[in-house]
>>> print(open('query_0.pdb').read())   # PDB, C-alpha atoms, pLDDT in the B column
ATOM      1  CA  ASP J  23     106.013  51.031-133.403  1.00 64.00           C
ATOM      2  CA  ALA J  24     105.066  47.377-133.542  1.00 82.00           C
ATOM      3  CA  GLY J  25     101.693  46.553-132.132  1.00 93.00           C
ATOM      4  CA  VAL J  26     100.713  43.343-130.410  1.00 97.00           C
ATOM      5  CA  ILE J  27     102.100  40.413-132.348  1.00 97.00           C
ATOM      6  CA  GLN J  28     100.375  37.051-132.456  1.00 98.00           C
ATOM      7  CA  SER J  29     101.459  33.824-134.069  1.00 97.00           C
ATOM      8  CA  PRO J  30     100.433  31.840-135.890  1.00 97.00           C
ATOM      9  CA  ARG J  31      97.716  33.802-137.716  1.00 97.00           C
ATOM     10  CA  HIS J  32      95.983  30.603-138.725  1.00 97.00           C
ATOM     11  CA  GLU J  33      96.154  27.154-137.208  1.00 97.00           C
ATOM     12  CA  VAL J  34      94.424  24.028-138.422  1.00 98.00           C
ATOM     13  CA  THR J  35      94.831  20.936-136.312  1.00 97.00           C
ATOM     14  CA  GLU J  36      93.155  17.658-135.587  1.00 97.00           C
ATOM     15  CA  MET J  37      91.185  16.842-132.505  1.00 97.00           C
ATOM     16  CA  GLY J  38      93.398  15.659-129.685  1.00 97.00           C
ATOM     17  CA  GLN J  39      96.466  17.585-130.763  1.00 97.00           C
ATOM     18  CA  GLU J  40      98.192  20.188-128.629  1.00 97.00           C
ATOM     19  CA  VAL J  41      97.897  23.775-129.803  1.00 98.00           C
ATOM     20  CA  THR J  42     100.092  26.656-128.665  1.00 98.00           C
ATOM     21  CA  LEU J  43      99.236  30.250-129.452  1.00 98.00           C
ATOM     22  CA  ARG J  44     101.814  32.957-128.939  1.00 98.00           C
ATOM     23  CA  CYS J  45     101.671  36.642-128.126  1.00 98.00           C
ATOM     24  CA  LYS J  46     104.181  39.450-127.872  1.00 98.00           C
ATOM     25  CA  PRO J  47     102.670  42.488-126.146  1.00 97.00           C
ATOM     26  CA  ILE J  48     103.559  46.078-126.846  1.00 95.00           C
ATOM     27  CA  SER J  49     106.841  47.007-125.205  1.00 94.00           C
ATOM     28  CA  GLY J  50     106.258  48.829-121.926  1.00 91.00           C
ATOM     29  CA  HIS J  51     102.808  47.450-121.351  1.00 92.00           C
ATOM     30  CA  ASN J  52     102.332  45.648-118.066  1.00 91.00           C
ATOM     31  CA  SER J  53      98.969  43.934-118.584  1.00 93.00           C
ATOM     32  CA  LEU J  54      98.129  41.177-121.031  1.00 95.00           C
ATOM     33  CA  PHE J  55      94.750  39.682-121.874  1.00 96.00           C
ATOM     34  CA  TRP J  56      93.693  36.590-123.814  1.00 97.00           C
ATOM     35  CA  TYR J  57      90.261  36.614-125.470  1.00 97.00           C
ATOM     36  CA  ARG J  58      88.292  34.162-127.539  1.00 96.00           C
ATOM     37  CA  GLN J  59      85.736  35.199-130.133  1.00 95.00           C
ATOM     38  CA  THR J  60      83.001  32.880-131.344  1.00 91.00           C
ATOM     39  CA  MET J  61      79.684  33.458-133.056  1.00 86.00           C
ATOM     40  CA  MET J  62      77.796  32.031-130.096  1.00 84.00           C
ATOM     41  CA  ARG J  63      79.579  33.752-127.201  1.00 85.00           C
ATOM     42  CA  GLY J  64      81.084  36.836-128.799  1.00 88.00           C
ATOM     43  CA  LEU J  65      84.301  38.218-127.360  1.00 92.00           C
ATOM     44  CA  GLU J  66      85.035  36.614-124.009  1.00 93.00           C
ATOM     45  CA  LEU J  67      87.963  37.139-121.695  1.00 94.00           C
ATOM     46  CA  LEU J  68      89.862  33.969-120.859  1.00 96.00           C
ATOM     47  CA  ILE J  69      92.674  35.153-118.601  1.00 96.00           C
ATOM     48  CA  TYR J  70      94.696  38.235-117.857  1.00 94.00           C
ATOM     49  CA  PHE J  71      98.108  38.990-116.399  1.00 95.00           C
ATOM     50  CA  ASN J  72      99.570  41.995-114.667  1.00 92.00           C
ATOM     51  CA  ASN J  73     103.354  42.247-114.394  1.00 93.00           C
ATOM     52  CA  ASN J  74     103.545  38.654-115.681  1.00 95.00           C
ATOM     53  CA  VAL J  75     101.352  37.348-112.843  1.00 95.00           C
ATOM     54  CA  PRO J  76      97.974  35.757-113.647  1.00 95.00           C
ATOM     55  CA  ILE J  77      95.283  37.863-111.985  1.00 92.00           C
ATOM     56  CA  ASP J  78      92.069  36.191-113.077  1.00 91.00           C
ATOM     57  CA  ASP J  79      91.713  32.944-115.002  1.00 93.00           C
ATOM     58  CA  SER J  80      88.032  32.437-114.297  1.00 91.00           C
ATOM     59  CA  GLY J  81      87.248  32.704-117.997  1.00 91.00           C
ATOM     60  CA  MET J  82      89.386  29.724-118.941  1.00 95.00           C
ATOM     61  CA  PRO J  83      86.815  27.180-120.080  1.00 88.00           C
ATOM     62  CA  GLU J  84      88.447  23.963-118.933  1.00 86.00           C
ATOM     63  CA  ASP J  85      91.605  22.443-117.576  1.00 91.00           C
ATOM     64  CA  ARG J  86      92.586  21.742-121.148  1.00 96.00           C
ATOM     65  CA  PHE J  87      93.410  25.441-121.412  1.00 97.00           C
ATOM     66  CA  SER J  88      96.498  26.937-119.813  1.00 97.00           C
ATOM     67  CA  ALA J  89      98.350  30.219-120.195  1.00 98.00           C
ATOM     68  CA  LYS J  90     101.764  31.400-119.178  1.00 97.00           C
ATOM     69  CA  MET J  91     103.675  34.630-119.212  1.00 97.00           C
ATOM     70  CA  PRO J  92     107.320  33.825-118.489  1.00 96.00           C
ATOM     71  CA  ASN J  93     108.458  37.400-119.100  1.00 95.00           C
ATOM     72  CA  ALA J  94     107.116  40.826-119.999  1.00 94.00           C
ATOM     73  CA  SER J  95     107.478  40.269-123.723  1.00 95.00           C
ATOM     74  CA  PHE J  96     105.948  36.862-124.260  1.00 96.00           C
ATOM     75  CA  SER J  97     102.852  34.864-123.428  1.00 98.00           C
ATOM     76  CA  THR J  98     101.410  31.540-124.577  1.00 98.00           C
ATOM     77  CA  LEU J  99      97.952  30.038-124.552  1.00 98.00           C
ATOM     78  CA  LYS J 100      97.966  26.270-124.776  1.00 98.00           C
ATOM     79  CA  ILE J 101      95.116  23.877-125.460  1.00 97.00           C
ATOM     80  CA  GLN J 102      95.798  20.222-124.761  1.00 97.00           C
ATOM     81  CA  PRO J 103      94.046  18.196-126.034  1.00 96.00           C
ATOM     82  CA  SER J 104      92.190  20.350-128.544  1.00 97.00           C
ATOM     83  CA  GLU J 105      88.554  19.712-129.482  1.00 96.00           C
ATOM     84  CA  PRO J 106      86.429  20.926-132.414  1.00 96.00           C
ATOM     85  CA  ARG J 107      84.461  23.242-130.101  1.00 95.00           C
ATOM     86  CA  ASP J 108      87.706  25.149-129.425  1.00 96.00           C
ATOM     87  CA  SER J 109      87.558  26.472-132.986  1.00 97.00           C
ATOM     88  CA  ALA J 110      87.481  30.254-132.682  1.00 97.00           C
ATOM     89  CA  VAL J 111      89.555  33.381-133.139  1.00 97.00           C
ATOM     90  CA  TYR J 112      91.869  33.961-130.202  1.00 98.00           C
ATOM     91  CA  PHE J 113      93.004  37.506-129.499  1.00 98.00           C
ATOM     92  CA  CYS J 114      95.762  38.772-127.309  1.00 97.00           C
ATOM     93  CA  ALA J 115      95.638  42.354-126.023  1.00 96.00           C
ATOM     94  CA  SER J 116      97.962  44.452-123.913  1.00 94.00           C
ATOM     95  CA  SER J 117      97.681  47.669-121.969  1.00 92.00           C
ATOM     96  CA  PHE J 118      99.527  49.815-119.498  1.00 88.00           C
ATOM     97  CA  LEU J 119      97.905  49.893-116.105  1.00 79.00           C
ATOM     98  CA  GLY J 120      99.186  52.939-114.291  1.00 68.00           C
ATOM     99  CA  GLY J 121      98.696  54.211-110.792  1.00 55.00           C
ATOM    100  CA  GLY J 122      95.402  55.892-111.576  1.00 54.00           C
ATOM    101  CA  ARG J 123      92.307  54.793-113.402  1.00 52.00           C
ATOM    102  CA  GLY J 124      91.106  56.504-116.469  1.00 50.00           C
ATOM    103  CA  ASN J 125      92.573  54.697-119.385  1.00 60.00           C
ATOM    104  CA  ASN J 126      91.879  51.034-119.751  1.00 68.00           C
ATOM    105  CA  GLU J 127      92.525  51.098-123.466  1.00 85.00           C
ATOM    106  CA  GLN J 128      93.635  47.704-124.604  1.00 91.00           C
ATOM    107  CA  PHE J 129      95.562  47.205-127.827  1.00 93.00           C
ATOM    108  CA  PHE J 130      94.628  44.036-129.655  1.00 96.00           C
ATOM    109  CA  GLY J 131      96.682  41.797-131.855  1.00 97.00           C
ATOM    110  CA  PRO J 132      95.355  40.538-135.201  1.00 96.00           C
ATOM    111  CA  GLY J 133      94.203  37.252-133.707  1.00 97.00           C
ATOM    112  CA  THR J 134      94.830  33.579-134.382  1.00 98.00           C
ATOM    113  CA  ARG J 135      92.104  31.733-136.224  1.00 97.00           C
ATOM    114  CA  LEU J 136      92.060  28.192-134.840  1.00 98.00           C
ATOM    115  CA  THR J 137      90.278  25.362-136.579  1.00 98.00           C
ATOM    116  CA  VAL J 138      90.148  21.993-134.875  1.00 97.00           C
ATOM    117  CA  LEU J 139      88.971  19.211-137.173  1.00 96.00           C
TER     118      LEU J 139
ATOM    119  CA  ASP X  11      75.535  36.398-117.745  1.00 71.00           C
ATOM    120  CA  GLN X  12      75.753  39.103-120.396  1.00 84.00           C
ATOM    121  CA  GLN X  13      76.203  42.361-118.493  1.00 92.00           C
ATOM    122  CA  VAL X  14      76.839  44.464-121.598  1.00 95.00           C
ATOM    123  CA  LYS X  15      74.257  44.213-124.346  1.00 95.00           C
ATOM    124  CA  GLN X  16      74.132  45.487-127.871  1.00 95.00           C
ATOM    125  CA  ASN X  17      70.686  44.545-129.052  1.00 91.00           C
ATOM    126  CA  SER X  18      71.077  45.631-132.653  1.00 93.00           C
ATOM    127  CA  PRO X  19      73.241  43.149-134.534  1.00 93.00           C
ATOM    128  CA  SER X  20      73.374  45.359-137.612  1.00 96.00           C
ATOM    129  CA  LEU X  21      72.842  48.899-138.813  1.00 96.00           C
ATOM    130  CA  SER X  22      72.739  50.268-142.341  1.00 97.00           C
ATOM    131  CA  VAL X  23      73.181  53.995-142.920  1.00 97.00           C
ATOM    132  CA  GLN X  24      73.753  56.248-145.890  1.00 97.00           C
ATOM    133  CA  GLU X  25      77.016  58.040-146.320  1.00 97.00           C
ATOM    134  CA  GLY X  26      76.885  61.489-144.768  1.00 97.00           C
ATOM    135  CA  ARG X  27      74.090  60.620-142.362  1.00 97.00           C
ATOM    136  CA  ILE X  28      74.348  59.934-138.639  1.00 98.00           C
ATOM    137  CA  SER X  29      75.016  56.449-137.262  1.00 97.00           C
ATOM    138  CA  ILE X  30      73.709  55.793-133.759  1.00 98.00           C
ATOM    139  CA  LEU X  31      74.836  52.671-131.964  1.00 98.00           C
ATOM    140  CA  ASN X  32      73.316  51.680-128.654  1.00 98.00           C
ATOM    141  CA  CYS X  33      74.566  49.741-125.681  1.00 97.00           C
ATOM    142  CA  ASP X  34      72.874  48.793-122.412  1.00 97.00           C
ATOM    143  CA  TYR X  35      74.457  47.437-119.267  1.00 97.00           C
ATOM    144  CA  THR X  36      73.155  45.852-116.109  1.00 96.00           C
ATOM    145  CA  ASN X  37      76.024  46.250-113.655  1.00 93.00           C
ATOM    146  CA  SER X  38      75.779  49.590-111.863  1.00 93.00           C
ATOM    147  CA  MET X  39      79.394  49.201-110.717  1.00 92.00           C
ATOM    148  CA  PHE X  40      80.740  49.784-114.213  1.00 93.00           C
ATOM    149  CA  ASP X  41      82.624  53.065-114.156  1.00 90.00           C
ATOM    150  CA  TYR X  42      84.417  53.206-117.469  1.00 92.00           C
ATOM    151  CA  PHE X  43      83.061  52.547-120.934  1.00 94.00           C
ATOM    152  CA  LEU X  44      84.775  52.112-124.260  1.00 95.00           C
ATOM    153  CA  TRP X  45      83.903  51.617-127.897  1.00 97.00           C
ATOM    154  CA  TYR X  46      86.036  49.472-130.171  1.00 97.00           C
ATOM    155  CA  LYS X  47      85.883  49.112-133.925  1.00 97.00           C
ATOM    156  CA  LYS X  48      86.769  45.905-135.733  1.00 96.00           C
ATOM    157  CA  TYR X  49      87.476  45.234-139.392  1.00 96.00           C
ATOM    158  CA  PRO X  50      87.460  41.660-140.764  1.00 93.00           C
ATOM    159  CA  ALA X  51      90.631  39.680-140.090  1.00 90.00           C
ATOM    160  CA  GLU X  52      91.910  42.347-137.697  1.00 94.00           C
ATOM    161  CA  GLY X  53      91.803  42.815-133.952  1.00 95.00           C
ATOM    162  CA  PRO X  54      89.488  45.391-132.369  1.00 96.00           C
ATOM    163  CA  THR X  55      90.895  48.916-132.204  1.00 95.00           C
ATOM    164  CA  PHE X  56      90.048  51.478-129.563  1.00 94.00           C
ATOM    165  CA  LEU X  57      87.762  54.257-130.717  1.00 96.00           C
ATOM    166  CA  ILE X  58      86.565  56.380-127.819  1.00 95.00           C
ATOM    167  CA  SER X  59      85.878  56.072-124.108  1.00 93.00           C
ATOM    168  CA  ILE X  60      83.950  57.777-121.329  1.00 94.00           C
ATOM    169  CA  SER X  61      84.220  57.798-117.570  1.00 91.00           C
ATOM    170  CA  SER X  62      81.098  57.446-115.459  1.00 92.00           C
ATOM    171  CA  ILE X  63      81.639  60.958-114.075  1.00 93.00           C
ATOM    172  CA  LYS X  64      80.859  62.378-117.502  1.00 95.00           C
ATOM    173  CA  ASP X  65      77.820  62.178-119.720  1.00 96.00           C
ATOM    174  CA  LYS X  66      79.440  63.047-123.022  1.00 97.00           C
ATOM    175  CA  ASN X  67      82.781  62.714-124.725  1.00 97.00           C
ATOM    176  CA  GLU X  68      83.559  63.873-128.218  1.00 97.00           C
ATOM    177  CA  ASP X  69      86.428  63.085-130.558  1.00 96.00           C
ATOM    178  CA  GLY X  70      86.087  64.367-134.082  1.00 97.00           C
ATOM    179  CA  ARG X  71      83.182  62.636-135.791  1.00 97.00           C
ATOM    180  CA  PHE X  72      82.630  60.345-132.806  1.00 98.00           C
ATOM    181  CA  THR X  73      80.622  61.208-129.711  1.00 98.00           C
ATOM    182  CA  VAL X  74      79.732  58.894-126.868  1.00 98.00           C
ATOM    183  CA  PHE X  75      76.811  59.669-124.562  1.00 98.00           C
ATOM    184  CA  LEU X  76      76.300  58.052-121.170  1.00 98.00           C
ATOM    185  CA  ASN X  77      72.993  57.915-119.306  1.00 97.00           C
ATOM    186  CA  LYS X  78      73.784  56.309-115.973  1.00 96.00           C
ATOM    187  CA  SER X  79      70.247  56.315-114.668  1.00 96.00           C
ATOM    188  CA  ALA X  80      69.134  54.326-117.688  1.00 97.00           C
ATOM    189  CA  LYS X  81      72.348  52.282-117.776  1.00 97.00           C
ATOM    190  CA  HIS X  82      72.640  53.160-121.415  1.00 97.00           C
ATOM    191  CA  LEU X  83      75.311  54.538-123.672  1.00 97.00           C
ATOM    192  CA  SER X  84      75.363  55.388-127.316  1.00 98.00           C
ATOM    193  CA  LEU X  85      77.911  56.151-129.990  1.00 98.00           C
ATOM    194  CA  HIS X  86      77.148  58.758-132.618  1.00 98.00           C
ATOM    195  CA  ILE X  87      79.129  58.938-135.834  1.00 98.00           C
ATOM    196  CA  VAL X  88      78.570  62.108-137.835  1.00 97.00           C
ATOM    197  CA  PRO X  89      78.914  62.166-140.759  1.00 97.00           C
ATOM    198  CA  SER X  90      79.163  58.479-141.545  1.00 98.00           C
ATOM    199  CA  GLN X  91      81.754  57.481-144.126  1.00 97.00           C
ATOM    200  CA  PRO X  92      82.228  54.240-146.084  1.00 96.00           C
ATOM    201  CA  GLY X  93      85.391  53.533-144.065  1.00 96.00           C
ATOM    202  CA  ASP X  94      83.235  53.393-140.952  1.00 97.00           C
ATOM    203  CA  SER X  95      81.778  50.086-142.135  1.00 98.00           C
ATOM    204  CA  ALA X  96      82.911  47.675-139.429  1.00 97.00           C
ATOM    205  CA  VAL X  97      81.734  45.877-136.315  1.00 96.00           C
ATOM    206  CA  TYR X  98      81.501  48.122-133.259  1.00 97.00           C
ATOM    207  CA  PHE X  99      81.851  46.711-129.767  1.00 96.00           C
ATOM    208  CA  CYS X 100      80.775  48.385-126.571  1.00 96.00           C
ATOM    209  CA  ALA X 101      82.867  47.486-123.497  1.00 95.00           C
ATOM    210  CA  ALA X 102      82.667  48.295-119.807  1.00 94.00           C
ATOM    211  CA  SER X 103      84.968  48.055-116.842  1.00 90.00           C
ATOM    212  CA  THR X 104      84.661  47.979-113.086  1.00 84.00           C
ATOM    213  CA  ASP X 105      87.939  46.308-112.454  1.00 71.00           C
ATOM    214  CA  SER X 106      90.981  48.234-111.346  1.00 73.00           C
ATOM    215  CA  TRP X 107      93.045  45.713-113.288  1.00 76.00           C
ATOM    216  CA  GLY X 108      91.499  46.869-116.542  1.00 78.00           C
ATOM    217  CA  LYS X 109      89.298  43.864-117.157  1.00 86.00           C
ATOM    218  CA  LEU X 110      86.696  44.617-119.833  1.00 90.00           C
ATOM    219  CA  GLN X 111      83.346  43.048-120.606  1.00 92.00           C
ATOM    220  CA  PHE X 112      82.272  43.325-124.215  1.00 94.00           C
ATOM    221  CA  GLY X 113      78.906  43.463-125.910  1.00 95.00           C
ATOM    222  CA  ALA X 114      78.099  41.214-128.859  1.00 93.00           C
ATOM    223  CA  GLY X 115      78.850  43.910-131.408  1.00 95.00           C
ATOM    224  CA  THR X 116      76.900  45.814-134.062  1.00 96.00           C
ATOM    225  CA  GLN X 117      77.766  45.481-137.744  1.00 96.00           C
ATOM    226  CA  VAL X 118      77.598  48.898-139.394  1.00 98.00           C
ATOM    227  CA  VAL X 119      77.331  49.205-143.159  1.00 98.00           C
ATOM    228  CA  VAL X 120      77.659  52.659-144.679  1.00 97.00           C
ATOM    229  CA  THR X 121      76.253  52.804-148.181  1.00 95.00           C
ATOM    230  CA  PRO X 122      77.162  55.423-150.796  1.00 90.00           C
TER     231      PRO X 122
END
>>> encode(input="query_0.pdb", output="structure tokens")
Amino acid sequence: DAGVIQSPRHEVTEMGQEVTLRCKPISGHNSLFWYRQTMMRGLELLIYFNNNVPIDDSGMPEDRFSAKMPNASFSTLKIQPSEPRDSAVYFCASSFLGGGRGNNEQFFGPGTRLTVL
Amino acid sequence: DQQVKQNSPSLSVQEGRISILNCDYTNSMFDYFLWYKKYPAEGPTFLISISSIKDKNEDGRFTVFLNKSAKHLSLHIVPSQPGDSAVYFCAASTDSWGKLQFGAGTQVVVTP
């Protein structure tokens, strides 16, 4: 079975450019999470969706960041305009949130390494 | 506000010996805890979890212990193998939506 798919794997761009990161969650999963990993802040949650609806975007650092999930099999994270301090590895993760608690296991994609010059 | 803390950035252990990774948390509302393992250039992968109603969960070479009164959990790997060399993240949840808060990670190096 395919895991979480992210594209591109690497992105190098110049300051001020728009960047779009893409994620395809595992089929059947109903929750999707976007994370950012940096040396300074570690792994931080940016936003998450349940059934394609954004639930909590309090981790999104600025208005320059936006995320969408138009359907159950696709999500984007957009940065416009990008800045050098946005350089990080961005991970997408998905999970199935059922009726009961007990398994919050999230499956992570391989990440997108973003470098903003 | 770092609610999940892994105070040891690195750990070196000999092959065959026990690896003990520690994690402390400050939010008493956390009710589910997980450990993830991460290799370079890959995403974190789920390793083992424990609910707050338990104090121990075991899966093969991996055992997680939870001490709620101390707000502390630990991961034991016995015996350690070279393939266990990775970064290990502790994570905790109090959110019914599955939102996780991660620690900073501990780099484990298993030497022959």
>>> resolve_selection(input="query_0.pdb", expression="the PyMOL selection byres ((chain J) within 9 of (chain X))", output="PDB file with C-alpha atoms, in the frame of the given file")
ATOM      1  CA  SER J  53      98.969  43.934-118.584  1.00 93.00           C
ATOM      2  CA  PHE J  55      94.750  39.682-121.874  1.00 96.00           C
ATOM      3  CA  MET J  61      79.684  33.458-133.056  1.00 86.00           C
ATOM      4  CA  ARG J  63      79.579  33.752-127.201  1.00 85.00           C
ATOM      5  CA  GLY J  64      81.084  36.836-128.799  1.00 88.00           C
ATOM      6  CA  LEU J  65      84.301  38.218-127.360  1.00 92.00           C
ATOM      7  CA  GLU J  66      85.035  36.614-124.009  1.00 93.00           C
ATOM      8  CA  LEU J  67      87.963  37.139-121.695  1.00 94.00           C
ATOM      9  CA  TYR J  70      94.696  38.235-117.857  1.00 94.00           C
ATOM     10  CA  PHE J  71      98.108  38.990-116.399  1.00 95.00           C
ATOM     11  CA  ASN J  72      99.570  41.995-114.667  1.00 92.00           C
ATOM     12  CA  ILE J  77      95.283  37.863-111.985  1.00 92.00           C
ATOM     13  CA  PHE J 113      93.004  37.506-129.499  1.00 98.00           C
ATOM     14  CA  CYS J 114      95.762  38.772-127.309  1.00 97.00           C
ATOM     15  CA  ALA J 115      95.638  42.354-126.023  1.00 96.00           C
ATOM     16  CA  SER J 117      97.681  47.669-121.969  1.00 92.00           C
ATOM     17  CA  LEU J 119      97.905  49.893-116.105  1.00 79.00           C
ATOM     18  CA  GLY J 122      95.402  55.892-111.576  1.00 54.00           C
ATOM     19  CA  ARG J 123      92.307  54.793-113.402  1.00 52.00           C
ATOM     20  CA  GLY J 124      91.106  56.504-116.469  1.00 50.00           C
ATOM     21  CA  ASN J 125      92.573  54.697-119.385  1.00 60.00           C
ATOM     22  CA  ASN J 126      91.879  51.034-119.751  1.00 68.00           C
ATOM     23  CA  GLU J 127      92.525  51.098-123.466  1.00 85.00           C
ATOM     24  CA  GLN J 128      93.635  47.704-124.604  1.00 91.00           C
ATOM     25  CA  PHE J 129      95.562  47.205-127.827  1.00 93.00           C
ATOM     26  CA  PHE J 130      94.628  44.036-129.655  1.00 96.00           C
ATOM     27  CA  GLY J 131      96.682  41.797-131.855  1.00 97.00           C
ATOM     28  CA  PRO J 132      95.355  40.538-135.201  1.00 96.00           C
ATOM     29  CA  GLY J 133      94.203  37.252-133.707  1.00 97.00           C
ATOM     30  CA  ARG J 135      92.104  31.733-136.224  1.00 97.00           C
TER      31      ARG J 135
END
>>> atom_distance(input="query_0.pdb", atom1="atom CA of X:Gln117", atom2="atom CA of X:Ser95")
7.5 Å
>>> resolve_selection(input="query_0.pdb", expression="the PyMOL selection byres ((chain X and resi 18) around 12)", output="VMD selection string")
chain X and resid 15 to 17 19 to 22 30 to 34 84 97 to 100 113 to 118
>>> atom_distance(input="query_0.pdb", atom1="atom CA of J:Thr134", atom2="atom CA of X:Gly93")
24.1 Å
>>> atom_distance(input="query_0.pdb", atom1="atom CA of J:Gln59", atom2="atom CA of J:Thr35")
18.0 Å
>>> resolve_selection(input="query_0.pdb", expression="the PyMOL selection byres ((chain J and resi 101) around 9)", output="count of residues only")
17
>>> residues_around(input="query_0.pdb", residues="X:Lys64", least_positions_apart="6", cutoff="10 Å", atoms="only C-alpha atoms", output="PyMOL selection string")
chain X and resi 42+75-78
>>> residues_around(input="query_0.pdb", residues="J:Ser49", least_positions_apart="5", cutoff="9 Å", atoms="only C-alpha atoms", output="PyMOL selection string")
chain J and resi 24-26+94-95
>>> closest_residue(input="query_0.pdb", among="X:Ser79, X:Pro89, X:Ala101, X:Ala96", to="X:Tyr49", atoms="all atoms listed in the file")
X:Ala96
>>> closest_residue(input="query_0.pdb", among="X:Pro92, X:Leu85, X:Thr104, X:Ala80", to="X:Val120", atoms="all atoms listed in the file")
X:Pro92
>>> closest_residue(input="query_0.pdb", among="J:Pro83, J:Phe118, J:Tyr57, J:Pro106", to="J:Met37", atoms="only C-alpha atoms")
J:Pro106
